[in-house]
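As stored in entry_24.cif (mmCIF, C-alpha atoms):
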data_protein
loop_
_atom_site.label_atom_id
_atom_site.label_comp_id
_atom_site.auth_asym_id
_atom_site.auth_seq_id
_atom_site.Cartn_x
_atom_site.Cartn_y
_atom_site.Cartn_z
CA MET H 1 128.28 66.21 133.16
CA LYS H 2 130.60 64.72 130.66
CA LYS H 3 133.28 66.96 129.27
CA PHE H 4 134.68 65.40 126.18
CA ILE H 5 136.55 67.81 124.27
CA LEU H 6 135.51 70.46 123.16
CA THR H 7 137.23 70.05 127.89
CA ALA H 8 137.96 66.26 126.93
CA ALA H 9 137.89 68.63 123.10
CA ALA H 10 140.58 70.74 124.87
CA PHE H 11 143.03 68.07 123.96
CA PHE H 12 141.15 66.05 121.30
CA LEU H 13 141.84 68.96 118.97
CA CYS H 14 145.33 69.41 120.37
CA CYS H 15 148.11 70.74 118.27
CA ALA H 16 151.57 69.26 118.00
CA SER H 17 154.47 70.75 119.92
CA LEU H 18 156.80 71.81 117.17
CA SER H 19 159.98 73.71 117.91
CA ALA H 20 159.89 76.19 115.05
CA ASP H 21 158.18 79.57 115.23
CA GLU H 22 156.67 79.04 111.78
CA LEU H 23 153.99 76.34 111.81
CA PRO H 24 151.53 75.04 109.18
CA LEU H 25 148.35 77.08 108.89
CA TRP H 26 146.36 73.86 109.26
CA GLU H 27 146.90 70.19 110.03
CA ALA H 28 144.45 67.29 109.65
CA GLY H 29 144.27 63.71 110.79
CA PHE H 30 142.16 61.09 112.52
CA GLY H 31 142.31 59.32 115.86
CA PHE H 32 140.45 57.70 118.74
CA THR H 33 140.03 58.44 122.41
CA GLY H 34 139.31 56.35 125.48
CA LEU H 35 137.38 58.05 128.30
CA SER H 36 136.24 57.15 131.80
CA LEU H 37 133.50 59.59 132.85
CA PRO H 38 130.74 59.87 135.45
CA ASP H 39 127.21 60.20 134.09
CA TYR H 40 127.22 63.76 135.47
CA ARG H 41 129.09 65.65 138.18
CA GLY H 42 127.90 64.11 141.45
CA SER H 43 126.92 60.76 139.92
CA ASN H 44 128.49 57.64 141.45
CA GLN H 45 128.19 55.72 138.17
CA GLN H 46 131.09 55.73 135.73
CA ARG H 47 131.06 54.89 132.01
CA LEU H 48 133.81 53.89 129.60
CA PHE H 49 133.80 55.26 126.06
CA VAL H 50 135.95 54.65 123.00
CA LEU H 51 135.22 57.32 120.39
CA PRO H 52 136.72 58.37 117.05
CA PHE H 53 137.54 62.03 116.54
CA PRO H 54 139.02 64.26 113.83
CA TYR H 55 142.41 65.77 114.56
CA LEU H 56 142.11 69.34 113.31
CA VAL H 57 144.47 72.26 113.92
CA TYR H 58 143.96 75.73 112.47
CA ARG H 59 146.22 78.68 113.32
CA GLY H 60 144.38 81.64 111.80
CA GLU H 61 144.73 85.23 112.94
CA ILE H 62 141.20 85.27 114.40
CA PHE H 63 140.05 81.64 114.66
CA HIS H 64 142.09 78.87 116.30
CA MET H 65 141.72 75.15 116.83
CA ASP H 66 144.61 73.76 118.87
CA ARG H 67 145.59 71.97 122.08
CA LYS H 68 143.74 74.63 124.12
CA GLY H 69 140.47 73.89 122.33
CA VAL H 70 138.30 75.79 119.85
CA TYR H 71 138.24 79.56 120.14
CA GLY H 72 138.18 82.84 118.26
CA PHE H 73 140.13 85.94 119.22
CA LEU H 74 138.13 89.09 119.92
CA PHE H 75 141.10 91.01 121.32
CA GLN H 76 144.72 90.17 122.05
CA SER H 77 147.80 91.92 123.35
CA ASP H 78 151.05 90.66 124.87
CA ARG H 79 149.43 90.00 128.25
CA ILE H 80 145.64 89.99 127.70
CA GLN H 81 143.43 87.94 125.38
CA LEU H 82 139.68 87.95 124.94
CA ASN H 83 138.36 85.08 122.88
CA ILE H 84 135.31 82.93 122.20
CA SER H 85 135.57 79.48 123.76
CA ALA H 86 133.45 76.34 123.61
CA ASP H 87 132.83 73.16 125.58
CA GLY H 88 130.44 70.23 125.46
CA GLY H 89 128.87 67.26 127.23
CA LEU H 90 127.64 63.78 126.32
CA PRO H 91 124.06 62.50 126.79
CA VAL H 92 122.87 60.37 129.71
CA LYS H 93 120.25 57.61 129.47
CA SER H 94 118.39 57.99 132.75
CA ASN H 95 117.23 54.37 132.90
CA SER H 96 120.89 53.33 133.02
CA ASN H 97 121.49 55.54 136.07
CA THR H 98 120.17 54.42 139.47
CA ALA H 99 119.57 57.92 140.80
CA ARG H 100 117.73 59.12 137.65
CA ARG H 101 115.81 55.98 136.73
CA GLY H 102 112.37 56.91 135.37
CA MET H 103 113.35 60.54 134.76
CA PRO H 104 113.84 62.21 131.35
CA ASN H 105 117.15 61.55 129.62
CA LEU H 106 119.86 64.22 129.61
CA ASP H 107 120.55 65.35 126.06
CA PRO H 108 123.97 66.39 124.72
CA THR H 109 124.99 69.91 125.68
CA PHE H 110 127.33 72.50 124.26
CA GLN H 111 128.67 75.72 125.69
CA LEU H 112 129.73 78.92 123.95
CA GLY H 113 130.87 82.26 125.32
CA PRO H 114 133.71 84.73 125.94
CA ALA H 115 136.85 83.91 127.90
CA LEU H 116 139.20 86.54 129.35
CA GLU H 117 142.83 85.42 129.75
CA ILE H 118 145.43 87.45 131.66
CA CYS H 119 149.01 86.19 131.32
CA LEU H 120 150.69 86.77 134.69
CA THR H 121 154.29 85.67 134.15
CA GLY H 122 155.10 87.03 130.69
CA PRO H 123 153.75 87.36 127.16
CA CYS H 124 150.93 84.98 126.26
CA THR H 125 153.24 83.38 123.68
CA SER H 126 155.70 82.19 126.38
CA THR H 127 156.53 78.51 126.65
CA ARG H 128 156.31 78.74 130.48
CA LEU H 129 153.10 80.51 131.32
CA VAL H 130 150.81 81.16 134.29
CA GLN H 131 147.41 82.60 133.38
CA PHE H 132 144.29 83.79 135.14
CA ARG H 133 141.41 82.71 132.94
CA VAL H 134 137.67 83.42 133.22
CA PRO H 135 135.38 81.70 130.69
CA VAL H 136 131.66 82.60 130.87
CA ARG H 137 129.49 80.48 128.60
CA ALA H 138 125.86 80.05 127.64
CA VAL H 139 124.78 76.38 127.74
CA PHE H 140 122.42 74.69 125.28
CA ALA H 141 120.87 71.22 125.29
CA SER H 142 119.87 69.53 122.05
CA ASP H 143 119.00 66.11 120.63
CA PHE H 144 119.48 67.64 117.14
CA THR H 145 115.72 68.16 116.71
CA TYR H 146 115.47 71.09 119.14
CA LEU H 147 117.72 73.60 120.89
CA ASN H 148 117.09 74.85 124.43
CA GLY H 149 119.10 77.32 126.46
CA ILE H 150 119.74 75.91 129.94
CA GLY H 151 121.56 78.77 131.64
CA PHE H 152 125.12 79.99 132.07
CA VAL H 153 128.34 78.73 133.65
CA ALA H 154 131.54 80.49 134.78
CA ASN H 155 134.85 78.92 135.74
CA PRO H 156 137.53 81.37 136.96
CA GLN H 157 140.80 79.45 137.11
CA VAL H 158 144.55 79.65 137.37
CA ASN H 159 146.16 77.87 134.44
CA LEU H 160 149.76 76.64 134.12
CA ASP H 161 150.86 75.91 130.57
CA PHE H 162 154.38 74.56 129.88
CA THR H 163 155.47 73.57 126.37
CA ASN H 164 158.60 72.01 124.82
CA LEU H 165 159.54 70.00 127.93
CA GLY H 166 161.72 66.90 128.36
CA PRO H 167 165.00 65.79 126.77
CA SER H 168 163.46 65.89 123.29
CA GLY H 169 161.65 69.18 123.90
CA LYS H 170 158.45 67.64 122.54
CA TRP H 171 156.23 67.31 125.63
CA ASN H 172 153.51 69.74 126.74
CA PHE H 173 152.11 69.94 130.26
CA GLY H 174 149.06 71.79 131.53
CA CYS H 175 147.37 72.22 134.89
CA SER H 176 144.37 74.35 135.86
CA ALA H 177 142.31 74.75 139.02
CA GLY H 178 139.40 76.91 140.12
CA PRO H 179 135.79 77.11 141.30
CA LEU H 180 132.70 76.70 139.11
CA TYR H 181 129.51 78.75 139.24
CA ALA H 182 126.25 78.26 137.37
CA THR H 183 122.77 79.72 137.14
CA GLN H 184 119.66 78.14 138.63
CA GLN H 185 118.46 76.97 135.22
CA TYR H 186 121.68 75.05 134.60
CA HIS H 187 121.56 73.32 137.99
CA GLU H 188 117.89 72.49 137.45
CA TYR H 189 118.80 70.55 134.30
CA TYR H 190 121.02 68.14 136.24
CA TYR H 191 119.82 68.15 139.85
CA GLU H 192 116.15 69.19 140.08
CA VAL H 193 113.41 66.66 140.88
CA VAL H 194 109.88 67.74 139.92
CA PRO H 195 106.79 66.19 141.60
CA ALA H 196 106.13 63.89 138.64
CA ASP H 197 109.60 62.32 139.02
CA SER H 198 109.69 62.07 142.81
CA ILE H 199 109.58 58.83 144.80
CA PRO H 200 108.72 59.57 148.46
CA GLY H 201 111.54 58.64 150.79
CA VAL H 202 113.83 57.76 147.86
CA ARG H 203 113.86 60.73 145.49
CA ASN H 204 112.06 63.64 147.08
CA VAL H 205 111.03 66.81 145.26
CA TYR H 206 114.01 69.13 144.96
CA ARG H 207 114.30 72.68 143.60
CA ALA H 208 117.78 73.64 142.51
CA ARG H 209 119.22 77.14 142.83
CA GLY H 210 122.10 79.02 141.26
CA GLY H 211 125.52 79.67 142.76
CA TYR H 212 128.65 77.73 143.69
CA SER H 213 128.99 74.51 141.70
CA GLY H 214 132.12 72.97 143.24
CA SER H 215 135.73 73.18 142.09
CA SER H 216 137.92 71.31 139.63
CA LEU H 217 141.57 70.41 139.04
CA ILE H 218 142.71 69.32 135.57
CA VAL H 219 146.15 67.93 134.68
CA SER H 220 147.03 67.11 131.08
CA THR H 221 150.01 66.19 128.94
CA SER H 222 150.59 65.75 125.21
CA ARG H 223 153.33 65.07 122.70
CA ARG H 224 153.60 65.38 118.95
CA PHE H 225 155.72 62.80 117.16
CA GLU H 226 156.50 63.13 113.45
CA HIS H 227 153.10 61.94 112.19
CA THR H 228 151.41 60.96 115.45
CA TRP H 229 149.96 62.87 118.37
CA PHE H 230 149.29 61.57 121.91
CA GLY H 231 147.47 63.27 124.76
CA ALA H 232 146.07 62.35 128.19
CA PHE H 233 144.24 64.12 130.99
CA VAL H 234 142.82 63.63 134.49
CA ARG H 235 140.14 65.87 136.02
CA TYR H 236 139.12 65.84 139.68
CA ASP H 237 135.89 67.57 140.79
CA ASN H 238 135.10 68.33 144.44
CA LEU H 239 131.44 69.22 145.00
CA SER H 240 131.62 69.86 148.77
CA GLY H 241 129.65 73.02 149.53
CA ALA H 242 127.92 73.12 146.14
CA VAL H 243 124.45 74.70 146.27
CA PHE H 244 122.92 71.45 144.97
CA ALA H 245 124.78 69.17 147.42
CA ASP H 246 121.47 68.13 149.08
CA SER H 247 119.86 67.06 145.81
CA PRO H 248 118.71 63.40 145.83
CA LEU H 249 120.49 63.07 142.46
CA MET H 250 123.83 63.79 144.15
CA ARG H 251 125.43 60.46 145.09
CA THR H 252 129.05 61.52 145.64
CA LYS H 253 130.90 64.76 146.35
CA GLN H 254 134.00 63.70 144.41
CA THR H 255 134.16 62.72 140.76
CA LEU H 256 137.07 61.75 138.55
CA LEU H 257 137.33 61.98 134.76
CA ALA H 258 140.26 60.57 132.81
CA GLY H 259 141.11 59.88 129.22
CA PHE H 260 143.73 59.53 126.50
CA ALA H 261 143.79 60.14 122.77
CA VAL H 262 145.98 59.05 119.86
CA ALA H 263 145.82 60.63 116.40
CA TRP H 264 147.56 60.13 113.10
CA VAL H 265 148.35 63.31 111.13
CA PHE H 266 148.08 62.75 107.37
CA GLY H 267 147.99 66.28 105.94
CA GLN H 268 149.14 69.83 106.54
CA SER H 269 149.19 73.19 104.82
CA GLU H 270 152.18 74.29 102.79
CA THR H 271 151.45 77.81 104.04
CA LEU H 272 153.36 78.61 107.25
CA VAL H 273 152.31 81.17 109.86
CA GLN H 274 154.04 82.75 112.81
CA ALA H 275 152.77 80.94 115.89
CA SER H 276 154.00 79.85 119.28
CA PRO H 277 154.31 76.05 119.72
#

Turn this file's structure into structure tokens for me.
Amino acid sequence: MKKFILTAAAFFLCCASLSADELPLWEAGFGFTGLSLPDYRGSNQQRLFVLPFPYLVYRGEIFHMDRKGVYGFLFQSDRIQLNISADGGLPVKSNSNTARRGMPNLDPTFQLGPALEICLTGPCTSTRLVQFRVPVRAVFASDFTYLNGIGFVANPQVNLDFTNLGPSGKWNFGCSAGPLYATQQYHEYYYEVVPADSIPGVRNVYRARGGYSGSSLIVSTSRRFEHTWFGAFVRYDNLSGAVFADSPLMRTKQTLLAGFAVAWVFGQSETLVQASP
């Protein structure tokens, strides 16, 4: 399952780390990203991608696009935030994947749902922050001619977020870790084998079920220069003990995602807003 931000979007839409409390309402630019991703979590086949992306930052009172991703605030206080968050995944051509050859392709997916954030070490605007975060999202698959709901996912996690680091005070660092859970319908999309797709002794019929979906660790860093932004991330997934671990489509219990992005910022709002860097 390929997370390219709107997860690899959690830094593709990253904001710059500026030192002032007043920041532009919006910033715009253009960049490219290089990604190394497995076809899906549990696949032993890795792909390399080079993709363009728009660099967009918006610091509205309700809607935000920044280095944490794309989200809208439903409620916020000094220590608690409830917002709408999103994520997404790239398609998979099954005939290019040994385990899935002859099966239907996996279409692009996107996720949308609420996320509760509790700031444990101080106000949520702090530059040194430890959070407990629980996003719960509905997942949809689409090839842009149809839209199907394929279940729900939840990812409770502890998140460390440090900004304005280093001698120049321009570096950001993030780290998050936690388990993943998903419904039966979601696991079926990636790991089920129906009779029509089975190959006796090679790819036996398999019925997926809902529950524990492994755990993940993500480490990321970014820096804003005057008119340029750079970001990079590594994500490690451990699928030991996942409820689909005995699926014939599972070829490894450990997967690694990594990527970097560079963007050039060519415009920003003259309007300034109060915002943490």

Picked residues, the PyMOL selection byres ((chain H and resi 25-42) around 7), expected as a PyMOL selection string: chain H and resi 1-2+23-24+43-60+92+250-255+257-269+271-273

Segment 95-114 of chain H near segment 153-176 of chain H within 12 Å: what's each residue's closest atom pair and its distance in Å to one decimal, counting all atoms listed in the file, ordered by chain then ascending residue number, as JSON lines?
{"residue": "H:Phe110", "atom": "CA", "partner": "H:Val153", "partner_atom": "CA", "distance": 11.3}
{"residue": "H:Gln111", "atom": "CA", "partner": "H:Val153", "partner_atom": "CA", "distance": 8.5}
{"residue": "H:Leu112", "atom": "CA", "partner": "H:Val153", "partner_atom": "CA", "distance": 9.8}
{"residue": "H:Gly113", "atom": "CA", "partner": "H:Val153", "partner_atom": "CA", "distance": 9.4}
{"residue": "H:Pro114", "atom": "CA", "partner": "H:Ala154", "partner_atom": "CA", "distance": 10.0}

Two-atom distance - atom CA of Tyr206 of chain H, atom CA of Tyr189 of chain H (Å): 11.8 Å

Output of the PyMOL selection byres ((chain H and resi 195-198) around 10), listed as an NGL selection string: :H and (100-104 or 192-194 or 199-206 or 248)

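Of the listed residues (H:Gly89, H:Tyr181, H:Trp229, H:Asp246), H:Tyr181 comes nearest to Gly214 of chain H; the distances count all atoms listed in the file.
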
Evaluate the PyMOL selection byres ((chain H and resi 129) around 8) and report residues as a PyMOL selection string: chain H and resi 119-122+124+126-128+130-131+160-162

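For the residues H:Ser215, H:Ser222, H:Ser247, H:Ser142, ranking by smallest atom-to-atom distance to Glu188 of chain H using only C-alpha atoms places H:Ser247 first.
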
d(atom CA of Ala115 of chain H, atom CA of Leu82 of chain H) in Å: 5.8 Å

Separation of atom CA of Phe233 of chain H from atom CA of Ala177 of chain H, in Å and rounded to one decimal: 13.5 Å

Do you know which residues are at most 7 Å from Gly149 of chain H counting all atoms listed in the file, after dropping those on the same chain fewer than 3 positions away, and could you put them as a short mmCIF file (atom, residue, chain, number, x, y, z; two decimals) with C-alpha atoms, in the coordinates of the input?
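Contents of result.cif, as written:
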data_model
loop_
_atom_site.label_atom_id
_atom_site.label_comp_id
_atom_site.auth_asym_id
_atom_site.auth_seq_id
_atom_site.Cartn_x
_atom_site.Cartn_y
_atom_site.Cartn_z
CA VAL H 139 124.78 76.38 127.74
CA PHE H 140 122.42 74.69 125.28
CA ALA H 141 120.87 71.22 125.29
#

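Of the listed residues (H:Leu116, H:Ala208, H:Leu106, H:Leu217), H:Ala208 comes nearest to Tyr186 of chain H; the distances count only C-alpha atoms.
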
Closest of H:Ala242, H:Leu147, H:Pro123, H:Arg207 to Leu180 of chain H - atom-to-atom distances counting all atoms listed in the file: H:Ala242

Among the residues H:Ile150, H:Ile118, H:Leu249, H:Val136, the one that comes closest to Ala99 of chain H [using only C-alpha atoms]: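 Nearest candidate to Ala99 of chain H out of H:Ile150, H:Ile118, H:Leu249, H:Val136: H:Leu249.
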
Padded axis-aligned box of segment 146-151 of chain H (4 Å per side), centre and edge lengths, Å, one decimal, as JSON:
{"center_x": 118.5, "center_y": 74.9, "center_z": 125.4, "size_x": 14.1, "size_y": 15.7, "size_z": 20.5}

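Counting all atoms listed in the file, the residue from H:Thr228, H:Ser213, H:Asn97, H:Thr109 that sits nearest to Asn148 of chain H is H:Thr109.
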